[in-house]
>>> print(open('data25.cif').read())   # mmCIF, C-alpha atoms
data_coords
loop_
_atom_site.label_atom_id
_atom_site.label_comp_id
_atom_site.auth_asym_id
_atom_site.auth_seq_id
_atom_site.Cartn_x
_atom_site.Cartn_y
_atom_site.Cartn_z
CA MET Q 1 34.88 66.54 81.12
CA ARG Q 2 35.43 64.04 78.28
CA THR Q 3 37.76 61.09 78.66
CA PRO Q 4 40.42 60.54 75.97
CA LEU Q 5 38.66 57.30 74.95
CA GLY Q 6 35.32 59.11 74.63
CA ARG Q 7 36.93 61.75 72.48
CA VAL Q 8 38.51 59.17 70.17
CA ARG Q 9 35.25 57.28 69.76
CA GLY Q 10 33.43 60.55 69.06
CA LEU Q 11 30.05 59.07 69.88
CA GLY Q 12 28.81 61.75 72.29
CA SER Q 13 25.74 61.51 74.51
CA ALA Q 14 23.52 60.03 71.78
CA LYS Q 15 25.94 57.05 71.58
CA ASP Q 16 25.98 56.94 67.80
CA GLY Q 17 27.90 60.11 66.99
CA THR Q 18 27.24 61.83 63.70
CA GLU Q 19 26.18 58.65 61.90
CA HIS Q 20 22.48 59.54 61.72
CA PHE Q 21 23.18 63.01 60.30
CA TRP Q 22 25.78 61.67 57.89
CA HIS Q 23 23.60 58.85 56.53
CA GLN Q 24 20.76 61.34 56.10
CA ARG Q 25 23.00 63.51 53.90
CA ILE Q 26 24.54 60.60 51.98
CA THR Q 27 21.11 59.19 51.09
CA ALA Q 28 19.87 62.73 50.29
CA LEU Q 29 22.73 63.08 47.80
CA ALA Q 30 21.99 59.66 46.27
CA ASN Q 31 18.27 60.47 46.13
CA VAL Q 32 18.82 63.42 43.78
CA PRO Q 33 19.86 61.48 40.63
CA LEU Q 34 17.82 58.39 41.60
CA THR Q 35 14.64 60.43 42.02
CA ILE Q 36 15.20 62.29 38.76
CA PHE Q 37 15.59 58.87 37.07
CA PHE Q 38 12.40 57.66 38.72
CA VAL Q 39 10.35 60.72 37.70
CA LEU Q 40 11.55 60.38 34.09
CA LEU Q 41 10.68 56.67 34.16
CA ILE Q 42 7.15 57.43 35.35
CA LEU Q 43 6.82 60.13 32.67
CA ILE Q 44 7.69 57.54 30.02
CA LEU Q 45 5.41 54.86 31.51
CA ALA Q 46 2.37 57.09 32.15
CA GLY Q 47 -0.53 55.85 30.07
CA GLN Q 48 1.32 52.77 28.76
CA ASP Q 49 -0.29 49.32 28.79
CA TYR Q 50 0.69 46.50 31.15
CA GLN Q 51 2.99 44.69 28.70
CA THR Q 52 5.08 47.82 28.09
CA VAL Q 53 5.29 48.67 31.80
CA ALA Q 54 6.25 45.11 32.81
CA ALA Q 55 8.82 44.83 30.01
CA THR Q 56 10.37 48.21 30.87
CA LEU Q 57 10.56 47.49 34.61
CA SER Q 58 12.17 44.11 33.97
CA SER Q 59 15.13 45.52 32.02
CA PRO Q 60 18.29 44.97 34.15
CA ALA Q 61 19.50 48.59 34.13
CA ILE Q 62 16.10 49.94 35.15
CA ALA Q 63 15.58 47.24 37.78
CA ILE Q 64 19.00 47.96 39.34
CA LEU Q 65 18.37 51.72 39.38
CA LEU Q 66 14.95 51.11 40.95
CA LEU Q 67 16.48 48.89 43.65
CA LEU Q 68 19.10 51.55 44.40
CA ALA Q 69 16.37 54.19 44.59
CA ILE Q 70 14.29 52.03 46.94
CA LEU Q 71 17.25 51.39 49.26
CA SER Q 72 18.33 55.02 49.38
CA VAL Q 73 14.82 56.49 49.69
CA VAL Q 74 13.68 54.06 52.38
CA THR Q 75 16.81 54.67 54.47
CA HIS Q 76 16.36 58.43 54.08
CA MET Q 77 12.68 58.14 55.05
CA LYS Q 78 13.44 56.12 58.15
CA LEU Q 79 16.05 58.61 59.38
CA GLY Q 80 13.89 61.64 58.58
CA MET Q 81 10.75 60.34 60.27
CA GLN Q 82 12.82 59.35 63.31
CA VAL Q 83 13.98 62.95 63.68
CA ILE Q 84 10.38 64.19 63.43
CA ILE Q 85 9.26 61.68 66.10
CA GLU Q 86 12.15 62.54 68.42
CA ASP Q 87 11.49 66.27 68.03
CA TYR Q 88 7.76 66.23 68.73
CA VAL Q 89 7.02 63.19 70.92
CA HIS Q 90 8.33 63.57 74.44
CA THR Q 91 6.67 60.66 76.26
CA GLU Q 92 9.44 58.07 76.40
CA SER Q 93 7.25 54.98 75.85
CA THR Q 94 5.24 56.51 72.98
CA LYS Q 95 8.41 57.80 71.39
CA MET Q 96 10.01 54.36 71.53
CA LEU Q 97 6.93 52.65 70.06
CA LEU Q 98 6.73 55.19 67.23
CA VAL Q 99 10.44 54.86 66.43
CA ILE Q 100 10.02 51.08 66.23
CA ALA Q 101 6.83 51.41 64.15
CA ASN Q 102 8.76 53.76 61.84
CA THR Q 103 11.46 51.13 61.32
CA PHE Q 104 8.86 48.42 60.65
CA PHE Q 105 6.98 50.61 58.17
CA CYS Q 106 10.12 51.51 56.23
CA VAL Q 107 11.38 47.92 56.09
CA ILE Q 108 7.97 46.65 54.95
CA VAL Q 109 7.60 49.32 52.24
CA GLY Q 110 11.20 48.85 51.10
CA LEU Q 111 11.18 45.06 50.96
CA SER Q 112 7.75 44.94 49.30
CA ALA Q 113 8.84 47.36 46.58
CA ALA Q 114 12.15 45.53 46.10
CA PHE Q 115 10.36 42.17 45.90
CA ALA Q 116 8.03 43.54 43.20
CA VAL Q 117 10.97 44.83 41.14
CA LEU Q 118 12.87 41.53 41.50
CA LYS Q 119 9.78 39.49 40.58
CA LEU Q 120 9.34 41.55 37.40
CA ALA Q 121 13.06 41.40 36.63
CA PHE Q 122 13.27 37.62 37.04
CA GLY Q 123 10.33 37.02 34.74
CA GLY Q 124 6.94 38.12 36.09
CA MET R 1 10.94 79.00 59.71
CA VAL R 2 7.98 78.31 57.42
CA MET R 3 10.27 76.64 54.88
CA SER R 4 11.74 74.40 57.56
CA ILE R 5 8.34 73.07 58.60
CA VAL R 6 7.25 72.70 54.96
CA HIS R 7 10.38 70.60 54.38
CA ARG R 8 9.24 68.31 57.20
CA ILE R 9 5.62 68.22 56.04
CA THR R 10 6.59 67.35 52.45
CA GLY R 11 8.99 64.74 53.83
CA ALA R 12 6.23 63.18 55.91
CA GLY R 13 3.88 63.26 52.91
CA LEU R 14 6.46 61.54 50.73
CA TYR R 15 6.95 58.96 53.50
CA PHE R 16 3.36 57.77 53.10
CA GLY R 17 3.45 58.36 49.36
CA MET R 18 6.21 55.77 49.11
CA ALA R 19 3.69 53.16 50.27
CA LEU R 20 1.56 54.07 47.23
CA LEU R 21 4.59 53.67 45.00
CA ALA R 22 5.34 50.25 46.52
CA TRP R 23 1.68 49.35 45.92
CA TRP R 24 1.99 50.33 42.24
CA LEU R 25 5.14 48.21 41.84
CA ILE R 26 3.44 45.24 43.54
CA ALA R 27 0.47 45.71 41.20
CA ALA R 28 2.83 45.58 38.21
CA ALA R 29 4.36 42.38 39.61
CA SER R 30 0.92 40.85 40.25
CA GLY R 31 -0.28 40.73 36.65
CA PRO R 32 -2.35 42.66 34.10
CA ALA R 33 -5.76 42.51 35.82
CA TYR R 34 -4.65 43.92 39.18
CA PHE R 35 -2.27 46.39 37.50
CA ASP R 36 -5.11 47.81 35.39
CA TYR R 37 -7.28 48.10 38.50
CA VAL R 38 -4.60 50.01 40.47
CA ASN R 39 -3.69 52.13 37.45
CA GLY R 40 -7.38 52.99 37.14
CA LEU R 41 -7.40 54.25 40.73
CA PHE R 42 -4.30 56.38 40.12
CA GLY R 43 -5.89 57.63 36.91
CA SER R 44 -9.10 58.76 38.66
CA ILE R 45 -9.55 62.41 39.61
CA VAL R 46 -8.74 61.75 43.28
CA GLY R 47 -5.74 59.63 42.25
CA GLN R 48 -4.45 62.35 39.92
CA ILE R 49 -4.81 65.02 42.64
CA ILE R 50 -2.85 62.84 45.07
CA LEU R 51 -0.15 62.17 42.47
CA PHE R 52 0.03 65.88 41.62
CA GLY R 53 0.52 66.66 45.32
CA PHE R 54 3.11 63.89 45.55
CA THR R 55 5.02 65.37 42.59
CA TRP R 56 5.04 68.85 44.16
CA ALA R 57 6.10 67.49 47.57
CA LEU R 58 8.90 65.51 45.93
CA ILE R 59 10.28 68.47 43.98
CA HIS R 60 9.85 70.90 46.88
CA HIS R 61 11.62 68.48 49.24
CA MET R 62 14.44 67.95 46.73
CA LEU R 63 15.00 71.67 46.12
CA GLY R 64 14.80 72.23 49.90
CA GLY R 65 17.39 69.49 50.32
CA LEU R 66 19.70 71.15 47.80
CA ARG R 67 19.31 74.36 49.83
CA HIS R 68 20.45 72.41 52.90
CA PHE R 69 23.49 71.16 50.96
CA VAL R 70 24.44 74.77 50.21
CA TRP R 71 24.23 75.54 53.94
CA ASP R 72 26.10 72.34 54.85
CA LEU R 73 28.95 73.51 52.64
CA GLY R 74 29.04 76.76 54.61
CA HIS R 75 27.40 79.11 52.09
CA GLY R 76 24.15 81.04 51.74
CA PHE R 77 23.66 82.19 55.32
CA ALA R 78 23.19 85.88 54.46
CA LEU R 79 19.54 86.80 55.01
CA LYS R 80 19.17 88.02 51.42
CA THR R 81 20.65 84.81 49.98
CA ALA R 82 18.60 82.59 52.30
CA ASN R 83 15.40 84.41 51.32
CA ALA R 84 16.25 84.16 47.63
CA MET R 85 16.85 80.41 47.95
CA ALA R 86 13.56 80.01 49.82
CA TRP R 87 11.63 81.77 47.04
CA ALA R 88 13.51 79.80 44.38
CA THR R 89 12.40 76.60 46.15
CA VAL R 90 8.73 77.66 46.27
CA ILE R 91 8.50 79.06 42.74
CA GLY R 92 10.78 76.39 41.24
CA SER R 93 8.81 73.52 42.80
CA VAL R 94 5.45 74.81 41.55
CA ALA R 95 6.80 75.60 38.07
CA LEU R 96 8.58 72.25 37.67
CA THR R 97 5.54 70.32 38.92
CA ILE R 98 3.22 72.01 36.41
CA LEU R 99 5.78 71.54 33.63
CA LEU R 100 6.16 67.81 34.37
CA TRP R 101 2.39 67.30 34.34
CA ILE R 102 2.01 69.19 31.07
CA ILE R 103 4.68 66.91 29.55
CA ALA R 104 3.00 63.82 31.04
CA TYR R 105 -0.42 64.70 29.60
CA ALA R 106 1.00 65.86 26.27
CA THR R 107 2.91 62.62 25.72
CA MET R 108 0.24 60.23 26.98
#
>>> encode(input="data25.cif", output="structure tokens")
Amino acid sequence: MRTPLGRVRGLGSAKDGTEHFWHQRITALANVPLTIFFVLLILILAGQDYQTVAATLSSPAIAILLLLAILSVVTHMKLGMQVIIEDYVHTESTKMLLVIANTFFCVIVGLSAAFAVLKLAFGG
Amino acid sequence: MVMSIVHRITGAGLYFGMALLAWWLIAAASGPAYFDYVNGLFGSIVGQIILFGFTWALIHHMLGGLRHFVWDLGHGFALKTANAMAWATVIGSVALTILLWIIAYATM
């Protein structure tokens, strides 16, 4: 029943094909090393005073890795929570509101965290 | 079945935990006074319990994710293998979480 054009586009009934699934896996893969980096960073910073923490977070390599982690984790979070909402909420209006709220939450958390890292990196 | 729902529950927990992480970063960017205040909250008993739970959820979700990668690549579908991977996720996540916290307290 599929038209040749539909088959070429490969978008299916959800209209965005396998993109959601694929981005979920790509960010999952990226999250593995980025999260290990983050856990090690916290291990090093646990119990340190403000000066040490601020100086460590403002180093370029650490700031860049943190920004990458924030981007990857927030994207992964947004996709994952969307799947949970779509699986368990079946009232169309509620589902739509929750999916939008999910996007807002993830963008706010992500941009706030990124802003904090950039502020530290560019000199407190 | 149980592992699948635990993967979702840990994922949802980490989702809200990320807001705490963002808060900690904002505290660090806000200056010493506010940073010490927030660090004090995370250092309290309730804060430490939440962070311990966050650590376990993170490791459990990561090991669960690696299990999904094995399946995505077309391996590990035999019942015996799937069960072994499930147990490795549970035991590994608890063991690694405790190990990380021992290291954290020992080096603080």
>>> resolve_selection(input="data25.cif", expression="the PyMOL selection byres ((chain R) within 8 of (chain Q))", output="PDB file with C-alpha atoms, in the coordinates of the input")
ATOM      1  CA  ARG R   8       9.240  68.310  57.200  1.00  0.00           C
ATOM      2  CA  GLY R  11       8.990  64.740  53.830  1.00  0.00           C
ATOM      3  CA  ALA R  12       6.230  63.180  55.910  1.00  0.00           C
ATOM      4  CA  TYR R  15       6.950  58.960  53.500  1.00  0.00           C
ATOM      5  CA  MET R  18       6.210  55.770  49.110  1.00  0.00           C
ATOM      6  CA  ALA R  19       3.690  53.160  50.270  1.00  0.00           C
ATOM      7  CA  LEU R  21       4.590  53.670  45.000  1.00  0.00           C
ATOM      8  CA  ALA R  22       5.340  50.250  46.520  1.00  0.00           C
ATOM      9  CA  TRP R  23       1.680  49.350  45.920  1.00  0.00           C
ATOM     10  CA  LEU R  25       5.140  48.210  41.840  1.00  0.00           C
ATOM     11  CA  ILE R  26       3.440  45.240  43.540  1.00  0.00           C
ATOM     12  CA  ALA R  28       2.830  45.580  38.210  1.00  0.00           C
ATOM     13  CA  ALA R  29       4.360  42.380  39.610  1.00  0.00           C
ATOM     14  CA  SER R  30       0.920  40.850  40.250  1.00  0.00           C
ATOM     15  CA  GLY R  31      -0.280  40.730  36.650  1.00  0.00           C
ATOM     16  CA  PRO R  32      -2.350  42.660  34.100  1.00  0.00           C
ATOM     17  CA  PHE R  35      -2.270  46.390  37.500  1.00  0.00           C
ATOM     18  CA  ASP R  36      -5.110  47.810  35.390  1.00  0.00           C
ATOM     19  CA  MET R  62      14.440  67.950  46.730  1.00  0.00           C
ATOM     20  CA  GLY R  65      17.390  69.490  50.320  1.00  0.00           C
ATOM     21  CA  LEU R 100       6.160  67.810  34.370  1.00  0.00           C
ATOM     22  CA  ILE R 103       4.680  66.910  29.550  1.00  0.00           C
ATOM     23  CA  ALA R 104       3.000  63.820  31.040  1.00  0.00           C
ATOM     24  CA  MET R 108       0.240  60.230  26.980  1.00  0.00           C
TER      25      MET R 108
END
>>> residues_around(input="data25.cif", residues="range 87-95 of chain R", least_positions_apart="5", cutoff="6 Å", atoms="all atoms listed in the file", output="list in words")
Ile59, His60 and Leu63 of chain R
>>> write_last_selection(input="data25.cif", atoms="C-alpha atoms", output="PDB file, in the coordinates of the input")
ATOM      1  CA  ILE R  59      10.280  68.470  43.980  1.00  0.00           C
ATOM      2  CA  HIS R  60       9.850  70.900  46.880  1.00  0.00           C
ATOM      3  CA  LEU R  63      15.000  71.670  46.120  1.00  0.00           C
TER       4      LEU R  63
END
>>> resolve_selection(input="data25.cif", expression="the PyMOL selection byres ((chain Q and resi 98) around 12)", output="list in words")
Lys78, Met81, Gln82, Val83, Ile84, Ile85, Glu86, Tyr88, Val89, His90, Thr91, Glu92, Ser93, Thr94, Lys95, Met96, Leu97, Val99, Ile100, Ala101, Asn102, Thr103, Phe104 and Phe105 of chain Q
>>> resolve_selection(input="data25.cif", expression="the PyMOL selection byres ((chain R and resi 54) around 10)", output="PDB file with C-alpha atoms, keeping the file's coordinate frame")
ATOM      1  CA  THR R  10       6.590  67.350  52.450  1.00  0.00           C
ATOM      2  CA  GLY R  13       3.880  63.260  52.910  1.00  0.00           C
ATOM      3  CA  LEU R  14       6.460  61.540  50.730  1.00  0.00           C
ATOM      4  CA  PHE R  16       3.360  57.770  53.100  1.00  0.00           C
ATOM      5  CA  GLY R  17       3.450  58.360  49.360  1.00  0.00           C
ATOM      6  CA  MET R  18       6.210  55.770  49.110  1.00  0.00           C
ATOM      7  CA  GLN R  48      -4.450  62.350  39.920  1.00  0.00           C
ATOM      8  CA  ILE R  49      -4.810  65.020  42.640  1.00  0.00           C
ATOM      9  CA  ILE R  50      -2.850  62.840  45.070  1.00  0.00           C
ATOM     10  CA  LEU R  51      -0.150  62.170  42.470  1.00  0.00           C
ATOM     11  CA  PHE R  52       0.030  65.880  41.620  1.00  0.00           C
ATOM     12  CA  GLY R  53       0.520  66.660  45.320  1.00  0.00           C
ATOM     13  CA  THR R  55       5.020  65.370  42.590  1.00  0.00           C
ATOM     14  CA  TRP R  56       5.040  68.850  44.160  1.00  0.00           C
ATOM     15  CA  ALA R  57       6.100  67.490  47.570  1.00  0.00           C
ATOM     16  CA  LEU R  58       8.900  65.510  45.930  1.00  0.00           C
ATOM     17  CA  ILE R  59      10.280  68.470  43.980  1.00  0.00           C
ATOM     18  CA  HIS R  60       9.850  70.900  46.880  1.00  0.00           C
ATOM     19  CA  THR R  97       5.540  70.320  38.920  1.00  0.00           C
TER      20      THR R  97
END
>>> atom_distance(input="data25.cif", atom1="CA of Val70 in chain R", atom2="CA of Arg7 in chain Q")
28.7 Å
>>> axis_aligned_box(input="data25.cif", around="range 23-31 of chain R", padding_each_side="5 Å", output="JSON")
{"center_x": 2.4, "center_y": 45.5, "center_z": 41.3, "size_x": 15.4, "size_y": 19.6, "size_z": 19.3}
>>> residues_around(input="data25.cif", residues="His68 in chain R", least_positions_apart="4", cutoff="12 Å", atoms="all atoms listed in the file", output="PyMOL selection string")
(chain Q and resi 24-25+28-29) or (chain R and resi 3-4+7+61-64+72-77+82+85-86+89)
>>> residues_around(input="data25.cif", residues="Phe38 in chain Q", least_positions_apart="5", cutoff="9 Å", atoms="all atoms listed in the file", output="list in words")
Pro33, Leu43, Leu65, Leu66 and Ala69 of chain Q
>>> atom_distance(input="data25.cif", atom1="CA of Leu41 in chain R", atom2="CA of Leu20 in chain R")
11.1 Å
>>> atom_distance(input="data25.cif", atom1="CA of Gly6 in chain Q", atom2="CA of His23 in chain Q")
21.6 Å
>>> closest_residue(input="data25.cif", among="R:Ile102, R:Asn39, R:Asn83, R:Leu66", to="Met1 in chain R", atoms="only C-alpha atoms")
R:Asn83
